[in-house]
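Each remark here refers to the structure printed beneath this line.
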Amino acid sequence: MAQESSQTVHPAGVHRVVVIVDENSNPFELGCATEVFGLRRPEIGRDLYDFRLCSPEPRTLMRDGFFTLTGVAGLEAADAADTLIVPNRPNTETPHRPAVLDAVRRAHARGARLVGFCSGAFTLAEAGVLDGRRATAHWQWADSFRARFPSVHLASDVLFVDDGDILTAAGSAAALDLGLHVVRRDHGAEVANSVSRRLVFAAHRDGGQRQFVERPMPDLPDQSLAPVLAWAQEHLDTPLTVADLAARAAVSPATLHRRFREQLGTTPLTWLTGERLALACRLIERGEYRFETVARRSGLGTAANLRALMRRETGITPSAYKARFGPEAP
C-alpha cells in the first residue's frame with residue numbers, strides 16, 4: 001500500500017472516494033486506487049480526494065491469501081461515497097455478497113459515481129446497474145460477460161469506458177488509465193499530468209485492448225513510433241497531416257496507418273487530434289483565454305473547430321472548461 005495516505009483525513013467539501021474490498025479482491029487494483037486517489041498532494045498544494053477503504057467483514061482475505069486486510073471501515077462507509085469503487089476478483093463466476101451488491105445499488109440510486117476496475121464490471125452487472133449501459137472488462141472475459149449479461153453493451157477493445165456516472169476499466173493496469181481520466185475529469189489536465197508524473201505513468205495511453213490480445217509475434221517487428229510521435233508533439237502548432245507524419249517516419253501513409261493500428265490501436269489522425277486537444281486544455285488551464293489563440297497554438301485552426309472538438313471529446317465547451325479549470329476557477 002502507498003505511504004502518505006489521506007485515508008484518515010476528511011476535509012469538508014472534498015470529494016470522497018470509497019473502495020469496497022471484499023474477499024479475494026485483487027491487491028493491484030486496490031494499490032492503483034490508493035496511488036491515484038489516496039495520496040497527499042503537496043506538489044499540488046491541496047488534497048484532491050477524501051479516500052477510504054471499507055469492507056463487509058472486519059478481516060478480509062485478499063486474493064490467494066496474499067495478506068489479510070484489517071482495520072478499515074465497515075460497509076456503511078459506502079453510503080457516504082461520492083465515488084464508489086466496487087470490488088473485483090479473479091473468480092468472476094462466484095456471486096458477490098448480497099450486502100455488497102445492495103451497497104452498490106444504494107450508491108447508484110442516490111447519484112454516486114460508480115467505478116469498476118477489471119472484473120469490477122461483473123460486480124456492477126450483478127448489481128443490475130449496467131443494464132442498457134456501456135462498459136468494458138478484460139478481453140479474456142468478454143465472451144463470458146456477454147453470455148451472462150446480454151443487456152450490457154460491452155466494448156472489449158478499449159482501455160476504459162466513461163458512461164457518465166458509471167466508469168469501467170479493462171485489465172488491471174487500465175485501472176491507472178481510468179483513475180487518471182477521473183482526475184482529469186474532476187480537476188483538469190494539468191493536475192492529472194502532475195499525478196501521472198508522480199506515478200511515472202503516461203497521463204493518456206492511446207489505443208485499446210486489441211494491442212494486448214494474444215497473437216503470434218512477427219518475425220520482424222515494426223520500428224517503434226516513438227520518434228515520430230515525439231516529433232509531432234513538438235510541432236502541434238503546425239498544419240501537420242498524416243502524409244507529413246509518414247514522411248517523417250520514412251514510410252508510406254498506408255504503412256503508417258498499419259503501425260498506428262498495431263502499436264497504438266488507433267489512427268494517426270485520431271492520435272493527432274487527441275494530442276492537440278490535450279494541448280488546448282493545458283493552454284486554457286494556464287490562462288490563455290483567447291480561444292482563437294488556443295486553437296492556433298494547438299493546431300486546431302479556428303475557435304469554431306476548437307469548440308466543436310472539445311464539446312465532442314469532453315462534453316463541455318472551451319468557456320465551460322475555462323470556468324471549471326482555469327487559474328481563476330473556484
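Here, A, B, ... name the chains of the C-alpha cells in the order displayed, residue numbers run from 1 inside each chain, and ligands are numbered from 1 in the same displayed order.
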Using only C-alpha atoms, which protein or nucleic acid residues come within 9 Å of A:Cys32? Drop anything in the same chain fewer than 3 positions from it, and give the result as a count of residues only. 11
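Every protein or nucleic acid residue with an atom no more than 10 Å from stretch 312-321 of chain A, counting only C-alpha atoms and leaving out same-chain residues fewer than 2 positions away, appears here: Arg185, Gly188, Gly274, Leu277, Ala280, Cys281, Ile284, Glu285, Tyr289, Phe291, Val294, Ala303, Leu306, Arg307, Ala308, Leu309, Met310, Ala323, Arg324, Phe325, Gly326 and Ala329 of chain A.
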Do a neighbour search on stretch 298-301 of chain A at 10 Å with only C-alpha atoms, toss out local chain neighbours closer than 4 positions, and write the hits as number ranges by chain. A: 233, 235-240, 272-273, 275-283, 292-294, 305-307, 309
All residues 10 Å or closer to A:His108, only C-alpha atoms, same chain fewer than 6 positions away omitted, as an MDAnalysis selection string: chainID A and resid 83:84 102 114 124 127 129 165:166
Just the selected residues (all heavy atoms), exported as a PDB file, in the first residue's frame, please.
ATOM      1  N   THR A  83     -17.790   8.906  -4.960  1.00  0.00           N
ATOM      2  CA  THR A  83     -17.376   7.926  -5.956  1.00  0.00           C
ATOM      3  C   THR A  83     -17.140   6.610  -5.233  1.00  0.00           C
ATOM      4  O   THR A  83     -16.388   6.561  -4.259  1.00  0.00           O
ATOM      5  CB  THR A  83     -16.085   8.358  -6.678  1.00  0.00           C
ATOM      6  OG1 THR A  83     -16.351   9.494  -7.494  1.00  0.00           O
ATOM      7  CG2 THR A  83     -15.548   7.234  -7.561  1.00  0.00           C
ATOM      8  N   LEU A  84     -17.769   5.554  -5.717  1.00  0.00           N
ATOM      9  CA  LEU A  84     -17.632   4.235  -5.104  1.00  0.00           C
ATOM     10  C   LEU A  84     -16.940   3.300  -6.088  1.00  0.00           C
ATOM     11  O   LEU A  84     -17.427   3.083  -7.203  1.00  0.00           O
ATOM     12  CB  LEU A  84     -19.004   3.668  -4.737  1.00  0.00           C
ATOM     13  CG  LEU A  84     -19.000   2.312  -4.021  1.00  0.00           C
ATOM     14  CD1 LEU A  84     -18.351   2.429  -2.639  1.00  0.00           C
ATOM     15  CD2 LEU A  84     -20.425   1.772  -3.881  1.00  0.00           C
ATOM     16  N   ASP A 102     -26.090  -4.694  -2.614  1.00  0.00           N
ATOM     17  CA  ASP A 102     -27.056  -3.706  -2.112  1.00  0.00           C
ATOM     18  C   ASP A 102     -26.392  -2.346  -1.921  1.00  0.00           C
ATOM     19  O   ASP A 102     -27.001  -1.300  -2.211  1.00  0.00           O
ATOM     20  CB  ASP A 102     -27.666  -4.182  -0.797  1.00  0.00           C
ATOM     21  CG  ASP A 102     -28.670  -5.309  -0.992  1.00  0.00           C
ATOM     22  OD1 ASP A 102     -29.123  -5.504  -2.140  1.00  0.00           O
ATOM     23  OD2 ASP A 102     -28.985  -5.998  -0.004  1.00  0.00           O
ATOM     24  N   LEU A 114     -19.973   5.463  -9.931  1.00  0.00           N
ATOM     25  CA  LEU A 114     -19.527   4.089  -9.712  1.00  0.00           C
ATOM     26  C   LEU A 114     -18.363   3.783 -10.642  1.00  0.00           C
ATOM     27  O   LEU A 114     -18.384   4.150 -11.819  1.00  0.00           O
ATOM     28  CB  LEU A 114     -20.659   3.097  -9.976  1.00  0.00           C
ATOM     29  CG  LEU A 114     -21.927   3.269  -9.128  1.00  0.00           C
ATOM     30  CD1 LEU A 114     -22.974   2.230  -9.539  1.00  0.00           C
ATOM     31  CD2 LEU A 114     -21.619   3.144  -7.639  1.00  0.00           C
ATOM     32  N   LEU A 124     -20.686  -4.686 -10.967  1.00  0.00           N
ATOM     33  CA  LEU A 124     -21.696  -3.707 -11.372  1.00  0.00           C
ATOM     34  C   LEU A 124     -22.845  -4.373 -12.121  1.00  0.00           C
ATOM     35  O   LEU A 124     -24.015  -4.035 -11.905  1.00  0.00           O
ATOM     36  CB  LEU A 124     -21.042  -2.635 -12.240  1.00  0.00           C
ATOM     37  CG  LEU A 124     -20.003  -1.745 -11.550  1.00  0.00           C
ATOM     38  CD1 LEU A 124     -19.227  -0.932 -12.581  1.00  0.00           C
ATOM     39  CD2 LEU A 124     -20.665  -0.825 -10.537  1.00  0.00           C
ATOM     40  N   ALA A 127     -25.108  -6.247  -9.823  1.00  0.00           N
ATOM     41  CA  ALA A 127     -25.969  -5.329  -9.079  1.00  0.00           C
ATOM     42  C   ALA A 127     -27.103  -4.783  -9.942  1.00  0.00           C
ATOM     43  O   ALA A 127     -28.029  -4.151  -9.423  1.00  0.00           O
ATOM     44  CB  ALA A 127     -25.136  -4.181  -8.512  1.00  0.00           C
ATOM     45  N   VAL A 129     -26.891  -2.452 -12.304  1.00  0.00           N
ATOM     46  CA  VAL A 129     -26.810  -1.030 -12.639  1.00  0.00           C
ATOM     47  C   VAL A 129     -26.257  -0.796 -14.041  1.00  0.00           C
ATOM     48  O   VAL A 129     -26.233   0.349 -14.513  1.00  0.00           O
ATOM     49  CB  VAL A 129     -25.960  -0.266 -11.600  1.00  0.00           C
ATOM     50  CG1 VAL A 129     -26.569  -0.400 -10.216  1.00  0.00           C
ATOM     51  CG2 VAL A 129     -24.515  -0.759 -11.594  1.00  0.00           C
ATOM     52  N   ASP A 165     -21.981   8.433 -15.151  1.00  0.00           N
ATOM     53  CA  ASP A 165     -21.890   8.146 -13.719  1.00  0.00           C
ATOM     54  C   ASP A 165     -21.420   6.720 -13.433  1.00  0.00           C
ATOM     55  O   ASP A 165     -21.310   6.336 -12.273  1.00  0.00           O
ATOM     56  CB  ASP A 165     -23.248   8.389 -13.035  1.00  0.00           C
ATOM     57  CG  ASP A 165     -24.364   7.527 -13.627  1.00  0.00           C
ATOM     58  OD1 ASP A 165     -24.211   7.069 -14.776  1.00  0.00           O
ATOM     59  OD2 ASP A 165     -25.380   7.318 -12.953  1.00  0.00           O
ATOM     60  N   ILE A 166     -21.131   5.942 -14.476  1.00  0.00           N
ATOM     61  CA  ILE A 166     -20.561   4.606 -14.299  1.00  0.00           C
ATOM     62  C   ILE A 166     -19.368   4.472 -15.240  1.00  0.00           C
ATOM     63  O   ILE A 166     -19.498   4.663 -16.452  1.00  0.00           O
ATOM     64  CB  ILE A 166     -21.582   3.495 -14.591  1.00  0.00           C
ATOM     65  CG1 ILE A 166     -22.813   3.639 -13.689  1.00  0.00           C
ATOM     66  CG2 ILE A 166     -20.949   2.124 -14.390  1.00  0.00           C
ATOM     67  CD1 ILE A 166     -23.868   2.565 -13.908  1.00  0.00           C
TER      68      ILE A 166
END
Please return, as a PyMOL selection string, all residues of stretch 234-323 of chain A that DSSP assigns to helix (DSSP H, G or I) on the basis of the backbone. chain A and resi 242-249+253-263+268-285+291-297+303-314+318-323
